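The structure file structure30.pdb is reproduced below (PDB, C-alpha atoms and all ligand atoms).
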```pdb
ATOM      1  CA  MET P   1      41.220  62.148 -10.980  1.00  0.00           C
ATOM      2  CA  LEU P   2      40.960  58.638 -12.266  1.00  0.00           C
ATOM      3  CA  LYS P   3      43.408  55.796 -12.245  1.00  0.00           C
ATOM      4  CA  LYS P   4      43.627  53.756 -15.400  1.00  0.00           C
ATOM      5  CA  GLU P   5      43.879  50.117 -14.537  1.00  0.00           C
ATOM      6  CA  PHE P   6      42.287  46.763 -14.969  1.00  0.00           C
ATOM      7  CA  LYS P   7      39.909  46.077 -12.193  1.00  0.00           C
ATOM      8  CA  ARG P   8      39.397  42.674 -10.656  1.00  0.00           C
ATOM      9  CA  LYS P   9      35.901  42.529 -12.109  1.00  0.00           C
ATOM     10  CA  ASP P  10      37.173  43.244 -15.640  1.00  0.00           C
ATOM     11  CA  VAL P  11      39.565  40.361 -15.376  1.00  0.00           C
ATOM     12  CA  ASN P  12      36.939  38.033 -13.968  1.00  0.00           C
ATOM     13  CA  ARG P  13      34.532  39.061 -16.658  1.00  0.00           C
ATOM     14  CA  ALA P  14      37.132  38.363 -19.321  1.00  0.00           C
ATOM     15  CA  ARG P  15      37.862  35.009 -17.822  1.00  0.00           C
ATOM     16  CA  ASN P  16      34.222  34.032 -17.736  1.00  0.00           C
ATOM     17  CA  LEU P  17      33.800  35.238 -21.284  1.00  0.00           C
ATOM     18  CA  LEU P  18      36.615  33.084 -22.575  1.00  0.00           C
ATOM     19  CA  MET P  19      35.505  30.119 -20.573  1.00  0.00           C
ATOM     20  CA  GLY P  20      32.034  30.404 -21.990  1.00  0.00           C
ATOM     21  CA  LYS P  21      30.262  31.304 -18.786  1.00  0.00           C
ATOM     22  CA  THR P  22      29.309  34.949 -19.068  1.00  0.00           C
ATOM     23  CA  ASN P  23      27.073  34.889 -16.003  1.00  0.00           C
ATOM     24  CA  ALA P  24      29.256  32.763 -13.811  1.00  0.00           C
ATOM     25  CA  SER P  25      29.936  34.167 -10.406  1.00  0.00           C
ATOM     26  CA  THR P  26      33.599  34.698  -9.751  1.00  0.00           C
ATOM     27  CA  GLY P  27      35.505  32.232  -7.696  1.00  0.00           C
ATOM     28  CA  VAL P  28      33.728  29.281  -9.254  1.00  0.00           C
ATOM     29  CA  GLN P  29      36.156  26.741 -10.619  1.00  0.00           C
ATOM     30  CA  ILE P  30      35.185  25.740 -14.120  1.00  0.00           C
ATOM     31  CA  GLY P  31      36.864  24.524 -17.262  1.00  0.00           C
ATOM     32  CA  TYR P  32      40.224  22.876 -17.436  1.00  0.00           C
ATOM     33  CA  ASN P  33      41.404  23.034 -13.895  1.00  0.00           C
ATOM     34  CA  LYS P  34      44.585  21.371 -12.951  1.00  0.00           C
ATOM     35  CA  LYS P  35      46.799  21.907  -9.963  1.00  0.00           C
ATOM     36  CA  GLU P  36      50.099  22.731 -11.577  1.00  0.00           C
ATOM     37  CA  GLU P  37      52.143  25.305  -9.774  1.00  0.00           C
ATOM     38  CA  ASP P  38      51.952  27.284  -6.640  1.00  0.00           C
ATOM     39  CA  HIS P  39      52.211  30.853  -7.840  1.00  0.00           C
ATOM     40  CA  LYS P  40      50.614  33.813  -6.190  1.00  0.00           C
ATOM     41  CA  GLU P  41      49.840  37.339  -7.270  1.00  0.00           C
ATOM     42  CA  GLY P  42      53.083  39.186  -7.996  1.00  0.00           C
ATOM     43  CA  ASP P  43      55.327  36.093  -8.233  1.00  0.00           C
ATOM     44  CA  ILE P  44      57.865  36.104 -11.044  1.00  0.00           C
ATOM     45  CA  TRP P  45      59.383  32.877 -12.307  1.00  0.00           C
ATOM     46  CA  THR P  46      60.904  31.312 -15.405  1.00  0.00           C
ATOM     47  CA  GLU P  47      59.203  28.547 -17.267  1.00  0.00           C
ATOM     48  CA  GLY P  48      60.455  27.314 -20.611  1.00  0.00           C
ATOM     49  CA  LYS P  49      62.159  30.288 -22.213  1.00  0.00           C
ATOM     50  CA  LYS P  50      59.801  32.893 -20.800  1.00  0.00           C
ATOM     51  CA  THR P  51      59.514  34.860 -17.614  1.00  0.00           C
ATOM     52  CA  TRP P  52      56.071  34.670 -16.079  1.00  0.00           C
ATOM     53  CA  THR P  53      54.183  36.511 -13.424  1.00  0.00           C
ATOM     54  CA  VAL P  54      50.692  36.612 -11.954  1.00  0.00           C
ATOM     55  CA  LYS P  55      48.966  39.940 -12.257  1.00  0.00           C
ATOM     56  CA  ASN P  56      45.306  40.485 -11.380  1.00  0.00           C
ATOM     57  CA  GLY P  57      44.949  36.731 -11.162  1.00  0.00           C
ATOM     58  CA  ILE P  58      46.151  36.151 -14.707  1.00  0.00           C
ATOM     59  CA  LYS P  59      49.257  34.154 -15.452  1.00  0.00           C
ATOM     60  CA  GLN P  60      51.128  36.085 -18.089  1.00  0.00           C
ATOM     61  CA  THR P  61      54.561  36.593 -19.543  1.00  0.00           C
ATOM     62  CA  VAL P  62      56.456  39.606 -18.329  1.00  0.00           C
ATOM     63  CA  SER P  63      56.544  41.039 -21.850  1.00  0.00           C
ATOM     64  CA  LYS P  64      52.747  40.941 -21.844  1.00  0.00           C
ATOM     65  CA  LEU P  65      52.805  42.985 -18.693  1.00  0.00           C
ATOM     66  CA  ASP P  66      54.958  45.562 -20.402  1.00  0.00           C
ATOM     67  CA  PHE P  67      52.378  45.695 -23.153  1.00  0.00           C
ATOM     68  CA  ILE P  68      49.665  46.582 -20.654  1.00  0.00           C
ATOM     69  CA  LYS P  69      51.776  49.164 -18.901  1.00  0.00           C
ATOM     70  CA  LYS P  70      53.053  50.695 -22.125  1.00  0.00           C
ATOM     71  CA  GLU P  71      54.291  54.106 -21.290  1.00  0.00           C
ATOM     72  CA  VAL P  72      52.919  57.292 -22.700  1.00  0.00           C
ATOM     73  CA  PHE P  73      55.487  59.684 -24.054  1.00  0.00           C
ATOM     74  CA  MET P  74      55.632  62.678 -21.738  1.00  0.00           C
ATOM     75  CA  PRO P  75      57.353  65.971 -22.553  1.00  0.00           C
ATOM     76  CA  LEU P  76      59.563  67.658 -19.964  1.00  0.00           C
ATOM     77  CA  SER P  77      57.346  70.663 -19.481  1.00  0.00           C
ATOM     78  CA  CYS P  78      53.593  71.031 -19.277  1.00  0.00           C
ATOM     79  CA  PRO P  79      52.025  72.007 -22.638  1.00  0.00           C
ATOM     80  CA  CYS P  80      49.532  74.125 -20.723  1.00  0.00           C
ATOM     81  CA  CYS P  81      51.622  76.244 -18.311  1.00  0.00           C
ATOM     82  CA  GLY P  82      55.148  75.466 -19.534  1.00  0.00           C
ATOM     83  CA  LYS P  83      56.451  74.470 -16.106  1.00  0.00           C
ATOM     84  CA  LEU P  84      58.648  71.398 -15.622  1.00  0.00           C
ATOM     85  CA  MET P  85      56.657  68.264 -14.895  1.00  0.00           C
ATOM     86  CA  LYS P  86      58.660  66.583 -12.181  1.00  0.00           C
ATOM     87  CA  LYS P  87      56.187  66.089  -9.373  1.00  0.00           C
ATOM     88  CA  ARG P  88      54.881  62.632  -8.515  1.00  0.00           C
ATOM     89  CA  LEU P  89      51.341  63.451  -9.601  1.00  0.00           C
ATOM     90  CA  ASP P  90      52.348  65.076 -12.885  1.00  0.00           C
ATOM     91  CA  LYS P  91      52.832  61.801 -14.684  1.00  0.00           C
ATOM     92  CA  PRO P  92      49.472  60.129 -13.980  1.00  0.00           C
ATOM     93  CA  ASN P  93      47.749  63.420 -14.734  1.00  0.00           C
ATOM     94  CA  TYR P  94      49.605  63.919 -17.966  1.00  0.00           C
ATOM     95  CA  LYS P  95      48.550  60.450 -19.108  1.00  0.00           C
ATOM     96  CA  ILE P  96      44.903  61.343 -18.805  1.00  0.00           C
ATOM     97  CA  HIS P  97      44.697  65.109 -19.222  1.00  0.00           C
ATOM     98  CA  LYS P  98      47.834  65.993 -21.189  1.00  0.00           C
ATOM     99  CA  LYS P  99      48.784  68.621 -18.625  1.00  0.00           C
ATOM    100  CA  CYS P 100      50.489  68.874 -15.246  1.00  0.00           C
ATOM    101  CA  HIS P 101      48.817  68.257 -11.903  1.00  0.00           C
ATOM    102  CA  SER P 102      48.489  71.946 -10.961  1.00  0.00           C
ATOM    103  CA  CYS P 103      46.895  72.724 -14.324  1.00  0.00           C
ATOM    104  CA  VAL P 104      44.381  69.924 -13.807  1.00  0.00           C
ATOM    105  CA  ILE P 105      43.552  71.209 -10.325  1.00  0.00           C
ATOM    106  CA  GLU P 106      43.056  74.695 -11.679  1.00  0.00           C
ATOM    107  CA  PHE P 107      40.977  73.470 -14.599  1.00  0.00           C
ATOM    108  CA  GLU P 108      38.751  71.392 -12.306  1.00  0.00           C
ATOM    109  CA  HIS P 109      38.383  74.292  -9.901  1.00  0.00           C
ATOM    110  CA  LYS P 110      37.102  76.516 -12.699  1.00  0.00           C
ATOM    111  CA  LEU P 111      34.635  73.819 -13.737  1.00  0.00           C
ATOM    112  CA  LYS P 112      33.333  73.616 -10.175  1.00  0.00           C
ATOM    113  CA  ILE P 113      32.704  77.335 -10.169  1.00  0.00           C
ATOM    114  CA  LYS P 114      30.837  77.090 -13.445  1.00  0.00           C
ATOM    115  CA  GLY P 115      28.856  74.111 -12.144  1.00  0.00           C
ATOM    116  CA  GLU P 116      30.182  71.852 -14.888  1.00  0.00           C
ATOM    117  CA  TYR P 117      32.316  69.618 -12.725  1.00  0.00           C
ATOM    118  CA  ASP P 118      29.907  66.675 -12.286  1.00  0.00           C
ATOM    119  CA  ASP P 119      29.339  66.483 -15.993  1.00  0.00           C
ATOM    120  CA  TYR P 120      33.067  66.522 -16.634  1.00  0.00           C
ATOM    121  CA  ILE P 121      33.681  63.676 -14.164  1.00  0.00           C
ATOM    122  CA  LYS P 122      30.936  61.604 -15.770  1.00  0.00           C
ATOM    123  CA  ASP P 123      32.579  62.181 -19.127  1.00  0.00           C
ATOM    124  CA  LEU P 124      35.990  61.180 -17.773  1.00  0.00           C
ATOM    125  CA  ARG P 125      34.574  57.976 -16.317  1.00  0.00           C
ATOM    126  CA  ILE P 126      33.069  56.909 -19.626  1.00  0.00           C
ATOM    127  CA  LYS P 127      36.284  57.720 -21.489  1.00  0.00           C
ATOM    128  CA  ASN P 128      38.268  55.786 -18.936  1.00  0.00           C
ATOM    129  CA  SER P 129      35.980  52.782 -19.408  1.00  0.00           C
ATOM    130  CA  PHE P 130      36.609  53.041 -23.147  1.00  0.00           C
ATOM    131  CA  THR P 131      40.343  52.810 -22.575  1.00  0.00           C
ATOM    132  CA  VAL P 132      40.008  49.839 -20.238  1.00  0.00           C
ATOM    133  CA  VAL P 133      37.718  48.031 -22.680  1.00  0.00           C
ATOM    134  CA  ASP P 134      40.093  48.762 -25.550  1.00  0.00           C
ATOM    135  CA  GLU P 135      43.184  47.592 -23.728  1.00  0.00           C
ATOM    136  CA  MET P 136      41.445  44.531 -22.407  1.00  0.00           C
ATOM    137  CA  GLU P 137      40.316  43.637 -25.914  1.00  0.00           C
ATOM    138  CA  SER P 138      43.780  43.936 -27.454  1.00  0.00           C
ATOM    139  CA  TYR P 139      45.251  42.051 -24.551  1.00  0.00           C
ATOM    140  CA  LEU P 140      42.812  39.169 -24.922  1.00  0.00           C
ATOM    141  CA  LEU P 141      43.192  39.045 -28.695  1.00  0.00           C
ATOM    142  CA  ASP P 142      46.925  38.950 -28.217  1.00  0.00           C
ATOM    143  CA  VAL P 143      46.635  36.105 -25.746  1.00  0.00           C
ATOM    144  CA  VAL P 144      44.289  34.158 -28.013  1.00  0.00           C
ATOM    145  CA  ASN P 145      46.581  34.657 -31.008  1.00  0.00           C
ATOM    146  CA  ASN P 146      49.970  34.003 -29.502  1.00  0.00           C
ATOM    147  CA  ASN P 147      49.772  32.464 -26.177  1.00  0.00           C
ATOM    148  CA  SER P 148      47.663  29.343 -26.134  1.00  0.00           C
ATOM    149  CA  ASN P 149      49.734  28.056 -23.242  1.00  0.00           C
ATOM    150  CA  SER P 150      48.599  30.773 -20.885  1.00  0.00           C
ATOM    151  CA  GLY P 151      45.993  30.448 -18.214  1.00  0.00           C
ATOM    152  CA  PHE P 152      44.415  32.104 -15.245  1.00  0.00           C
ATOM    153  CA  VAL P 153      45.846  31.402 -11.849  1.00  0.00           C
ATOM    154  CA  SER P 154      43.407  31.657  -9.014  1.00  0.00           C
ATOM    155  CA  GLU P 155      44.463  32.967  -5.640  1.00  0.00           C
ATOM    156  CA  ASP P 156      45.164  29.469  -4.328  1.00  0.00           C
ATOM    157  CA  GLY P 157      47.539  28.786  -7.197  1.00  0.00           C
ATOM    158  CA  VAL P 158      45.258  26.687  -9.372  1.00  0.00           C
ATOM    159  CA  VAL P 159      45.909  27.172 -13.077  1.00  0.00           C
ATOM    160  CA  GLU P 160      42.803  27.374 -15.202  1.00  0.00           C
ATOM    161  CA  ARG P 161      43.523  26.759 -18.841  1.00  0.00           C
ATOM    162  CA  TRP P 162      41.014  28.550 -20.955  1.00  0.00           C
ATOM    163  CA  VAL P 163      42.157  28.159 -24.526  1.00  0.00           C
ATOM    164  CA  GLY P 164      42.300  24.378 -24.637  1.00  0.00           C
ATOM    165  CA  GLY P 165      39.344  22.774 -26.347  1.00  0.00           C
ATOM    166  CA  LYS P 166      38.190  25.855 -28.172  1.00  0.00           C
ATOM    167  CA  ASN P 167      39.509  26.985 -31.494  1.00  0.00           C
ATOM    168  CA  LYS P 168      41.210  30.317 -31.817  1.00  0.00           C
ATOM    169  CA  ALA P 169      38.964  31.774 -34.505  1.00  0.00           C
ATOM    170  CA  GLU P 170      35.941  31.069 -32.365  1.00  0.00           C
ATOM    171  CA  LEU P 171      37.513  32.755 -29.360  1.00  0.00           C
ATOM    172  CA  ARG P 172      38.656  35.708 -31.432  1.00  0.00           C
ATOM    173  CA  ASN P 173      35.157  36.301 -32.774  1.00  0.00           C
ATOM    174  CA  LYS P 174      33.710  35.967 -29.348  1.00  0.00           C
ATOM    175  CA  VAL P 175      36.098  38.527 -27.887  1.00  0.00           C
ATOM    176  CA  LYS P 176      35.448  40.942 -30.743  1.00  0.00           C
ATOM    177  CA  SER P 177      31.667  40.729 -30.675  1.00  0.00           C
ATOM    178  CA  GLU P 178      31.521  40.940 -26.901  1.00  0.00           C
ATOM    179  CA  PHE P 179      33.734  44.027 -26.809  1.00  0.00           C
ATOM    180  CA  ALA P 180      31.908  45.634 -29.716  1.00  0.00           C
ATOM    181  CA  LEU P 181      28.750  45.445 -27.613  1.00  0.00           C
ATOM    182  CA  GLU P 182      30.541  46.948 -24.677  1.00  0.00           C
ATOM    183  CA  LYS P 183      31.837  49.875 -26.740  1.00  0.00           C
ATOM    184  CA  GLU P 184      28.438  50.439 -28.276  1.00  0.00           C
ATOM    185  CA  LYS P 185      26.979  50.739 -24.791  1.00  0.00           C
ATOM    186  CA  LEU P 186      29.624  53.276 -23.753  1.00  0.00           C
ATOM    187  CA  GLN P 187      29.171  55.272 -26.945  1.00  0.00           C
ATOM    188  CA  LYS P 188      25.450  55.411 -26.273  1.00  0.00           C
ATOM    189  CA  GLU P 189      26.111  56.658 -22.750  1.00  0.00           C
ATOM    190  CA  LEU P 190      28.298  59.419 -24.156  1.00  0.00           C
ATOM    191  CA  ASN P 191      25.722  60.408 -26.756  1.00  0.00           C
ATOM    192  CA  ASP P 192      22.869  60.390 -24.267  1.00  0.00           C
ATOM    193  CA  LYS P 193      24.870  62.626 -22.005  1.00  0.00           C
ATOM    194  CA  LYS P 194      25.582  65.100 -24.797  1.00  0.00           C
ATOM    195  CA  GLY P 195      21.907  65.113 -25.726  1.00  0.00           C
ATOM    196  CA  THR P 196      20.765  66.262 -22.308  1.00  0.00           C
TER
HETATM  197 ZN    ZN P 201      50.755  72.896 -16.252  1.00  0.00          ZN
END
```
Represent the structure contained in this file as structure tokens.
Ligand SMILES: [Zn+2]
Amino acid sequence: MLKKEFKRKDVNRARNLLMGKTNASTGVQIGYNKKEEDHKEGDIWTEGKKTWTVKNGIKQTVSKLDFIKKEVFMPLSCPCCGKLMKKRLDKPNYKIHKKCHSCVIEFEHKLKIKGEYDDYIKDLRIKNSFTVVDEMESYLLDVVNNNSNSGFVSEDGVVERWVGGKNKAELRNKVKSEFALEKEKLQKELNDKKGT
């Protein structure tokens, strides 16, 4: 079972991308640093007319957070076995597999017996990466388009502005081309796997 979430390295990679340092090691302070506020991961505060928080090291509005977490519509009962989906693990499983937790367990058990389990997990991983890449791309495009006032907040509370000084069209193209490459790579992985 896989969790769908932005990983620290995705965020750092995105930050480096937008700051024009694709190979920069994380933790290096570059760009438009300015000590502004003292906000840590998980803080929520109001600034101007918006509510802000720090999530995965990124300063973002709370509505942006909702965008990332956007809920998947889930029916009451499992489309596979028809039982009510009310257990804690039903929801995360439904998001990925479109069936309840017990059905997933059963399905995976059958795959293990047939010796197809490893292949299936590999497939899931690649698909999960696709989703992360996709969501990260729309998130970044959204930030570039609407939120030039946003910035990354490092763990010690330093705000790094990363839109200032660069024009939006340039950033947009950069995000798109970089993510296109990423998706191409994943697609190739999928194809190679099918070919074997
Ligand atoms: Zn089920």
For this session: Taking all atoms listed in the file into account, report as a list in words which residues have an atom no farther than 9 Å from an atom of ligand ZN 201 (chain P).
Result: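 The residues near ligand ZN 201 (chain P) are Ser77, Cys78, Pro79, Cys80, Cys81, Gly82, Lys83, Leu84, Met85, Asp90, Lys98, Lys99, Cys100, His101, Ser102, Cys103 and Val104 of chain P.
Atom CA of P:Asp142 lies 10.8 Å from atom CA of P:Val175.
When atom CA of P:Arg88 is paired with atom CA of P:Val132, their separation reads 22.9 Å.
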For this session: Go through P:Ile58, P:Ile126, P:Val133, P:Ile44 one by one, measure the shortest atom-to-atom distance of each to P:Ala180 using only C-alpha atoms, and give the residue with the smallest value.
Result: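 That would be P:Val133, the residue with the smallest distance to P:Ala180.
Distance-wise, atom CA of P:Asp123 and atom CA of P:Glu189 end up 9.2 Å apart.
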For this session: Output the residue selection produced by the PyMOL selection byres (((chain P and resi 183) around 12) and not hetatm) on the file above, formatted as a PyMOL selection string.
Result: chain P and resi 126-137+176-182+184-190
Seminar exercise, completed: For P:Leu141, the closest of P:Thr46, P:Asn93, P:Asn173, P:Thr51 counting only C-alpha atoms is P:Asn173
